[in-house]
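Structure below is protein_5.cif: mmCIF, C-alpha atoms.
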data_structure
loop_
_atom_site.group_PDB
_atom_site.id
_atom_site.type_symbol
_atom_site.label_atom_id
_atom_site.label_comp_id
_atom_site.auth_asym_id
_atom_site.auth_seq_id
_atom_site.Cartn_x
_atom_site.Cartn_y
_atom_site.Cartn_z
ATOM 1 C CA MET A 1 8.251 18.681 0.765
ATOM 2 C CA THR A 2 4.673 17.862 -0.235
ATOM 3 C CA VAL A 3 2.249 20.770 -0.130
ATOM 4 C CA GLU A 4 -1.136 19.550 1.040
ATOM 5 C CA THR A 5 -4.477 20.955 -0.066
ATOM 6 C CA TYR A 6 -7.537 20.935 2.153
ATOM 7 C CA ASP A 7 -11.315 21.077 1.884
ATOM 8 C CA ILE A 8 -13.957 22.424 4.248
ATOM 9 C CA VAL A 9 -17.008 20.163 4.356
ATOM 10 C CA LYS A 10 -20.229 20.354 6.334
ATOM 11 C CA VAL A 11 -21.856 17.162 7.567
ATOM 12 C CA GLY A 12 -25.035 17.660 9.546
ATOM 13 C CA ASP A 13 -24.469 20.529 11.962
ATOM 14 C CA ARG A 14 -20.672 20.086 12.056
ATOM 15 C CA THR A 15 -18.034 21.688 9.828
ATOM 16 C CA TRP A 16 -14.840 19.752 9.145
ATOM 17 C CA THR A 17 -11.410 20.375 7.635
ATOM 18 C CA LYS A 18 -10.166 17.405 5.582
ATOM 19 C CA ILE A 19 -7.274 16.593 3.270
ATOM 20 C CA LYS A 20 -8.537 17.112 -0.270
ATOM 21 C CA GLU A 21 -7.013 13.879 -1.594
ATOM 22 C CA ASP A 22 -8.475 11.761 1.221
ATOM 23 C CA ASN A 23 -11.494 9.789 -0.012
ATOM 24 C CA ALA A 24 -12.002 7.880 3.236
ATOM 25 C CA PHE A 25 -12.976 10.800 5.469
ATOM 26 C CA LEU A 26 -16.753 10.524 5.184
ATOM 27 C CA ASP A 27 -16.697 6.745 5.707
ATOM 28 C CA ILE A 28 -14.641 7.159 8.876
ATOM 29 C CA LEU A 29 -16.950 9.900 10.096
ATOM 30 C CA LYS A 30 -20.012 7.746 9.494
ATOM 31 C CA GLY A 31 -18.297 4.778 11.129
ATOM 32 C CA PHE A 32 -18.133 6.484 14.506
ATOM 33 C CA GLU A 33 -21.850 5.892 14.992
ATOM 34 C CA SER A 34 -21.105 2.165 15.276
ATOM 35 C CA TYR A 35 -18.719 2.820 18.181
ATOM 36 C CA ARG A 36 -21.007 5.134 20.117
ATOM 37 C CA PRO A 37 -23.435 2.502 21.495
ATOM 38 C CA VAL A 38 -20.538 0.229 22.489
ATOM 39 C CA TYR A 39 -18.895 3.008 24.480
ATOM 40 C CA GLU A 40 -22.230 4.028 25.976
ATOM 41 C CA GLU A 41 -22.852 0.472 27.160
ATOM 42 C CA HIS A 42 -19.411 -0.430 28.475
ATOM 43 C CA VAL A 43 -18.054 2.893 29.795
ATOM 44 C CA PRO A 44 -20.417 4.087 32.535
ATOM 45 C CA GLU A 45 -18.056 6.849 33.722
ATOM 46 C CA LYS A 46 -16.707 9.085 30.975
ATOM 47 C CA PHE A 47 -13.960 11.158 32.534
ATOM 48 C CA ILE A 48 -10.808 10.507 30.461
ATOM 49 C CA ALA A 49 -10.228 8.833 27.090
ATOM 50 C CA ILE A 50 -6.925 8.245 25.293
ATOM 51 C CA GLN A 51 -7.121 8.065 21.502
ATOM 52 C CA ALA A 52 -4.535 7.393 18.773
ATOM 53 C CA GLY A 53 -4.099 7.845 15.806
ATOM 54 C CA GLY A 54 -5.969 11.005 15.747
ATOM 55 C CA TYR A 55 -6.341 11.107 11.929
ATOM 56 C CA CYS A 56 -8.163 14.341 10.997
ATOM 57 C CA GLY A 57 -9.749 14.613 14.418
ATOM 58 C CA VAL A 58 -12.946 12.664 13.761
ATOM 59 C CA PHE A 59 -12.732 10.336 16.755
ATOM 60 C CA PRO A 60 -11.224 12.774 19.272
ATOM 61 C CA ARG A 61 -13.806 15.440 18.395
ATOM 62 C CA LEU A 62 -16.756 13.089 18.771
ATOM 63 C CA LEU A 63 -15.255 11.430 21.844
ATOM 64 C CA GLY A 64 -14.828 14.935 23.250
ATOM 65 C CA GLU A 65 -18.614 15.274 23.190
ATOM 66 C CA MET A 66 -18.867 12.145 25.364
ATOM 67 C CA PHE A 67 -15.844 12.418 27.709
ATOM 68 C CA GLN A 68 -14.716 15.207 30.010
ATOM 69 C CA THR A 69 -11.140 15.005 28.646
ATOM 70 C CA VAL A 70 -9.644 13.349 25.560
ATOM 71 C CA TYR A 71 -5.917 12.924 24.930
ATOM 72 C CA THR A 72 -5.250 12.363 21.224
ATOM 73 C CA PHE A 73 -2.027 11.572 19.358
ATOM 74 C CA GLU A 74 -1.407 11.874 15.606
ATOM 75 C CA PRO A 75 2.094 11.751 14.042
ATOM 76 C CA ASP A 76 1.290 12.821 10.465
ATOM 77 C CA TYR A 77 1.538 16.593 9.965
ATOM 78 C CA ALA A 78 -1.339 16.926 7.463
ATOM 79 C CA ASN A 79 -3.709 14.842 9.563
ATOM 80 C CA PHE A 80 -2.628 16.786 12.633
ATOM 81 C CA PHE A 81 -3.361 20.099 10.887
ATOM 82 C CA CYS A 82 -6.920 18.934 10.247
ATOM 83 C CA LEU A 83 -7.178 17.536 13.775
ATOM 84 C CA VAL A 84 -6.302 20.885 15.333
ATOM 85 C CA ASN A 85 -8.831 22.687 13.125
ATOM 86 C CA ASN A 86 -11.550 20.146 13.882
ATOM 87 C CA CYS A 87 -10.885 19.694 17.605
ATOM 88 C CA TYR A 88 -11.180 23.249 18.858
ATOM 89 C CA SER A 89 -12.759 22.285 22.181
ATOM 90 C CA SER A 90 -10.501 22.903 25.176
ATOM 91 C CA ASN A 91 -11.193 19.432 26.623
ATOM 92 C CA ILE A 92 -9.281 17.758 23.749
ATOM 93 C CA ILE A 93 -5.534 17.654 24.453
ATOM 94 C CA LYS A 94 -3.681 17.294 21.147
ATOM 95 C CA ALA A 95 -0.143 16.020 20.527
ATOM 96 C CA GLN A 96 1.642 15.658 17.198
ATOM 97 C CA GLY A 97 3.434 12.416 17.844
ATOM 98 C CA ALA A 98 3.055 8.671 18.120
ATOM 99 C CA LEU A 99 2.459 6.398 21.092
ATOM 100 C CA GLY A 100 4.723 3.469 21.899
ATOM 101 C CA ASN A 101 6.425 1.524 24.666
ATOM 102 C CA GLU A 102 9.610 3.610 24.801
ATOM 103 C CA HIS A 103 10.720 7.116 23.980
ATOM 104 C CA GLY A 104 12.392 7.889 20.700
ATOM 105 C CA MET A 105 11.662 9.211 17.228
ATOM 106 C CA ILE A 106 9.747 7.740 14.289
ATOM 107 C CA THR A 107 9.078 8.510 10.628
ATOM 108 C CA VAL A 108 5.557 8.562 9.177
ATOM 109 C CA VAL A 109 4.960 6.344 6.135
ATOM 110 C CA ARG A 110 1.777 6.855 4.121
ATOM 111 C CA ALA A 111 0.529 3.448 3.035
ATOM 112 C CA HIS A 112 -2.378 4.598 0.843
ATOM 113 C CA PRO A 113 -2.622 8.052 -0.820
ATOM 114 C CA GLN A 114 -6.433 7.943 -1.003
ATOM 115 C CA ASN A 115 -6.896 6.911 2.635
ATOM 116 C CA ARG A 116 -4.829 9.175 4.828
ATOM 117 C CA GLY A 117 -5.841 7.281 7.934
ATOM 118 C CA MET A 118 -3.615 4.427 6.757
ATOM 119 C CA THR A 119 -0.303 5.882 7.930
ATOM 120 C CA GLN A 120 2.338 3.724 9.552
ATOM 121 C CA VAL A 121 5.426 4.548 11.597
ATOM 122 C CA ARG A 122 9.006 3.395 11.128
ATOM 123 C CA HIS A 123 12.287 3.937 12.934
ATOM 124 C CA THR A 124 14.793 5.396 10.438
ATOM 125 C CA PRO A 125 18.032 7.405 10.707
ATOM 126 C CA SER A 126 16.071 10.528 9.721
ATOM 127 C CA SER A 127 13.187 10.008 12.186
ATOM 128 C CA HIS A 128 12.043 13.262 13.791
ATOM 129 C CA VAL A 129 8.507 12.701 15.150
ATOM 130 C CA PRO A 130 8.451 12.015 18.924
ATOM 131 C CA VAL A 131 7.083 8.888 20.586
ATOM 132 C CA TYR A 132 5.129 9.263 23.827
ATOM 133 C CA VAL A 133 4.302 6.603 26.434
ATOM 134 C CA ILE A 134 0.832 6.428 27.991
ATOM 135 C CA ASP A 135 2.126 5.603 31.469
ATOM 136 C CA ASP A 136 4.057 8.884 31.491
ATOM 137 C CA LEU A 137 0.735 10.722 31.686
ATOM 138 C CA ASP A 138 0.177 9.282 35.176
ATOM 139 C CA LEU A 139 -3.547 9.887 34.826
ATOM 140 C CA PRO A 140 -5.795 9.978 37.906
ATOM 141 C CA VAL A 141 -8.367 7.934 35.956
ATOM 142 C CA CYS A 142 -8.638 6.397 32.494
ATOM 143 C CA ASN A 143 -11.939 5.075 31.139
ATOM 144 C CA LEU A 144 -11.122 4.333 27.494
ATOM 145 C CA ILE A 145 -8.085 3.612 25.329
ATOM 146 C CA GLN A 146 -8.889 3.585 21.618
ATOM 147 C CA LEU A 147 -6.055 2.698 19.225
ATOM 148 C CA ASP A 148 -6.174 2.943 15.439
ATOM 149 C CA THR A 149 -2.452 2.769 14.730
ATOM 150 C CA GLU A 150 -1.971 0.364 11.843
ATOM 151 C CA GLY A 151 -0.295 -2.498 13.676
ATOM 152 C CA TYR A 152 1.476 -0.517 16.416
ATOM 153 C CA GLU A 153 -1.163 -1.303 19.020
ATOM 154 C CA HIS A 154 0.774 -3.931 20.984
ATOM 155 C CA LYS A 155 3.738 -1.624 21.582
ATOM 156 C CA ILE A 156 1.386 1.118 22.744
ATOM 157 C CA LEU A 157 -0.284 -1.237 25.209
ATOM 158 C CA LEU A 158 3.118 -2.292 26.549
ATOM 159 C CA GLY A 159 3.676 1.378 27.339
ATOM 160 C CA ALA A 160 0.351 1.490 29.183
ATOM 161 C CA LYS A 161 0.839 -1.408 31.622
ATOM 162 C CA ASN A 162 0.576 0.735 34.738
ATOM 163 C CA THR A 163 -2.429 2.662 33.423
ATOM 164 C CA ILE A 164 -4.236 -0.561 32.519
ATOM 165 C CA ASP A 165 -3.396 -2.174 35.854
ATOM 166 C CA ARG A 166 -4.573 0.831 37.875
ATOM 167 C CA HIS A 167 -7.667 1.928 35.967
ATOM 168 C CA ARG A 168 -8.898 -1.037 33.853
ATOM 169 C CA PRO A 169 -10.155 1.119 30.951
ATOM 170 C CA LEU A 170 -12.218 -0.249 28.091
ATOM 171 C CA ILE A 171 -9.727 -0.927 25.271
ATOM 172 C CA SER A 172 -10.479 -0.792 21.555
ATOM 173 C CA VAL A 173 -7.797 -1.818 19.038
ATOM 174 C CA GLU A 174 -7.980 -1.860 15.267
ATOM 175 C CA ASP A 175 -5.519 -4.649 14.522
ATOM 176 C CA SER A 176 -5.992 -7.180 17.292
ATOM 177 C CA ASN A 177 -4.011 -10.419 17.285
ATOM 178 C CA GLN A 178 -3.060 -13.278 19.592
ATOM 179 C CA GLN A 179 -0.241 -11.240 21.130
ATOM 180 C CA ILE A 180 -2.615 -8.456 22.131
ATOM 181 C CA GLN A 181 -5.282 -10.892 23.310
ATOM 182 C CA GLU A 182 -2.851 -12.764 25.558
ATOM 183 C CA PHE A 183 -1.436 -9.506 26.913
ATOM 184 C CA LEU A 184 -4.878 -8.214 27.873
ATOM 185 C CA GLU A 185 -6.010 -11.574 29.253
ATOM 186 C CA GLY A 186 -3.197 -11.197 31.778
ATOM 187 C CA PHE A 187 -5.096 -8.218 33.191
ATOM 188 C CA GLY A 188 -8.441 -10.002 33.170
ATOM 189 C CA TYR A 189 -9.756 -8.643 29.852
ATOM 190 C CA LYS A 190 -12.221 -10.394 27.559
ATOM 191 C CA GLU A 191 -13.512 -9.479 24.113
ATOM 192 C CA VAL A 192 -16.953 -7.845 24.364
ATOM 193 C CA ALA A 193 -17.569 -6.431 20.885
ATOM 194 C CA LYS A 194 -16.356 -6.095 17.319
ATOM 195 C CA VAL A 195 -16.833 -2.840 15.423
ATOM 196 C CA PHE A 196 -15.625 -2.988 11.815
ATOM 197 C CA ARG A 197 -12.011 -4.169 12.130
ATOM 198 C CA ASP A 198 -11.818 -3.080 15.758
ATOM 199 C CA THR A 199 -11.957 -5.450 18.700
ATOM 200 C CA VAL A 200 -13.170 -4.100 22.026
ATOM 201 C CA TYR A 201 -11.918 -5.572 25.306
ATOM 202 C CA LYS A 202 -13.297 -5.093 28.811
ATOM 203 C CA CYS A 203 -11.801 -6.076 32.149
ATOM 204 C CA GLU A 204 -13.994 -8.684 33.870
ATOM 205 C CA ARG A 205 -12.269 -8.510 37.253
#
Take the structure from the file and write it as structure tokens.
Amino acid sequence: MTVETYDIVKVGDRTWTKIKEDNAFLDILKGFESYRPVYEEHVPEKFIAIQAGGYCGVFPRLLGEMFQTVYTFEPDYANFFCLVNNCYSSNIIKAQGALGNEHGMITVVRAHPQNRGMTQVRHTPSSHVPVYVIDDLDLPVCNLIQLDTEGYEHKILLGAKNTIDRHRPLISVEDSNQQIQEFLEGFGYKEVAKVFRDTVYKCER
């Protein structure tokens, strides 16, 4: 088993726990400022946000300063350790696991050792990390779904059909494609912004 090492860094008035070997942390932290005005413009009511993957807790922590409640999901144990240390606010509900369209177990695969946000999930005989489904939450309201899950976004959205149909949240996905676009168009969504590699969709109905 790999033994991780961690750093404590201070950026502005916030202190963060990060994986020592991760060179992408500060770029991801800085990148959030590009999302903030998009969410401010397109999400007038900020009650509940769903966020995955949670990485080291950058997005859920900062979203937690905007939304009353944030549900965040991160399957990788080292990222989740940092997430828990960084997201100490009680309005951030944290789960070590992945999101998908059906229950089961997955294995975490690290695609890039210097960027620990680039983890992917696979189904293998030794899988032991649980998969959750957004619709199981049966939320009373949902204002934002933000997915940074390295190509798993479509399956997650399939598991959120009822939530999308009921609440029409703003949806941000990292790896958008024609499959995702057509799926969301079926609910009346249109692209309203691009932030880095993310595409942001809003329901126009």
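For the residues A:Val58, A:Cys82, A:Leu147, A:Leu99, ranking by smallest atom-to-atom distance to Thr5 of chain A using only C-alpha atoms places A:Cys82 first.
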* To do: Write out as a list in words which residues come within 6 Å of segment 59-68 of chain A when counting all atoms listed in the file, dropping same-chain ones fewer than 5 positions away.
  => Lys46, Phe47 and Cys87 of chain A
* To do: Mind giving me the straight-line distance from atom CA of Gly54 of chain A to atom CA of Thr72 of chain A in Å, one decimal?
  =>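 Here the two named atoms are 5.7 Å from each other.
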* Which distance in Å separates atom CA of Ala193 of chain A and atom CA of Leu139 of chain A, to one decimal? -> 25.6 Å
* Can you work out which one of A:Gly159, A:Gly97, A:Gly151, A:Pro75 has the shortest atom-to-atom distance to Val133 of chain A, counting all atoms listed in the file? =>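 Under the stated criterion, the closest residue is A:Gly159.
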* To do: Tell me which residues the PyMOL selection byres ((chain A and resi 91) around 9) grabs here, as a ChimeraX atom specification.
  => /A:64,67-71,88-90,92-93
* To do: Choose the residue, out of A:Cys56, A:Val38, A:Ile28, A:Val11, that has the smallest atom-to-atom separation from Val84 of chain A; count only C-alpha atoms.
  =>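 Answer, going by the shortest atom-to-atom distance: A:Cys56.
Once the PyMOL selection byres ((chain A and resi 196-201) around 8) is applied to the shown structure, the selection contains Leu170, Ile171, Ser172, Val173, Glu174, Asp175, Ser176, Leu184, Tyr189, Lys190, Glu191, Val192, Ala193, Lys194, Val195, Lys202 and Cys203 of chain A.
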Any chance you could export the current selection's C-alpha atoms as a CSV table (one decimal), in the coordinates of the input?
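What ended up in result.csv:
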chain,number,residue,atom,x,y,z
A,170,LEU,CA,-12.2,-0.2,28.1
A,171,ILE,CA,-9.7,-0.9,25.3
A,172,SER,CA,-10.5,-0.8,21.6
A,173,VAL,CA,-7.8,-1.8,19.0
A,174,GLU,CA,-8.0,-1.9,15.3
A,175,ASP,CA,-5.5,-4.6,14.5
A,176,SER,CA,-6.0,-7.2,17.3
A,184,LEU,CA,-4.9,-8.2,27.9
A,189,TYR,CA,-9.8,-8.6,29.9
A,190,LYS,CA,-12.2,-10.4,27.6
A,191,GLU,CA,-13.5,-9.5,24.1
A,192,VAL,CA,-17.0,-7.8,24.4
A,193,ALA,CA,-17.6,-6.4,20.9
A,194,LYS,CA,-16.4,-6.1,17.3
A,195,VAL,CA,-16.8,-2.8,15.4
A,202,LYS,CA,-13.3,-5.1,28.8
A,203,CYS,CA,-11.8,-6.1,32.1
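Taking atom CA of Ala78 of chain A and atom CA of Ser34 of chain A as the two end points, the separation is 25.9 Å.
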* To do: For segment 152-156 of chain A, please output as a ChimeraX atom specification all residues within 6 Å (counting all atoms listed in the file; exclusion window: fewer than 5 positions along the same chain).
  => /A:99-101,180
* To do: Find the residue from A:Val131, A:Leu157, A:Val43, A:Ala24 that sits nearest to Ala98 of chain A; use all atoms listed in the file when measuring.
  =>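 Answer, going by the shortest atom-to-atom distance: A:Val131.
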* So which one's closest to Val141 of chain A, A:Glu45, A:Gln96, A:Phe183, A:Leu158? Using only C-alpha atoms, please. -> A:Glu45
* **Expansion of the PyMOL selection byres ((chain A and resi 15) around 12) into residues, as a PyMOL selection string** => chain A and resi 7-14+16-18+29+57-58+61+82+85-88
Could you take the residues named above and write them with C-alpha atoms, as a PDB file, keeping the file's coordinate frame?
ATOM      1  CA  ASP A   7     -11.315  21.077   1.884  1.00  0.00           C
ATOM      2  CA  ILE A   8     -13.957  22.424   4.248  1.00  0.00           C
ATOM      3  CA  VAL A   9     -17.008  20.163   4.356  1.00  0.00           C
ATOM      4  CA  LYS A  10     -20.229  20.354   6.334  1.00  0.00           C
ATOM      5  CA  VAL A  11     -21.856  17.162   7.567  1.00  0.00           C
ATOM      6  CA  GLY A  12     -25.035  17.660   9.546  1.00  0.00           C
ATOM      7  CA  ASP A  13     -24.469  20.529  11.962  1.00  0.00           C
ATOM      8  CA  ARG A  14     -20.672  20.086  12.056  1.00  0.00           C
ATOM      9  CA  TRP A  16     -14.840  19.752   9.145  1.00  0.00           C
ATOM     10  CA  THR A  17     -11.410  20.375   7.635  1.00  0.00           C
ATOM     11  CA  LYS A  18     -10.166  17.405   5.582  1.00  0.00           C
ATOM     12  CA  LEU A  29     -16.950   9.900  10.096  1.00  0.00           C
ATOM     13  CA  GLY A  57      -9.749  14.613  14.418  1.00  0.00           C
ATOM     14  CA  VAL A  58     -12.946  12.664  13.761  1.00  0.00           C
ATOM     15  CA  ARG A  61     -13.806  15.440  18.395  1.00  0.00           C
ATOM     16  CA  CYS A  82      -6.920  18.934  10.247  1.00  0.00           C
ATOM     17  CA  ASN A  85      -8.831  22.687  13.125  1.00  0.00           C
ATOM     18  CA  ASN A  86     -11.550  20.146  13.882  1.00  0.00           C
ATOM     19  CA  CYS A  87     -10.885  19.694  17.605  1.00  0.00           C
ATOM     20  CA  TYR A  88     -11.180  23.249  18.858  1.00  0.00           C
TER      21      TYR A  88
END
* Excluding Val129 of chain A and any residue of its chain fewer than 6 positions from it, enumerate the residues within 10 Å of it, using all atoms listed in the file, and give them as a PyMOL selection string. => chain A and resi 74-77+96-98+104-108+121+123
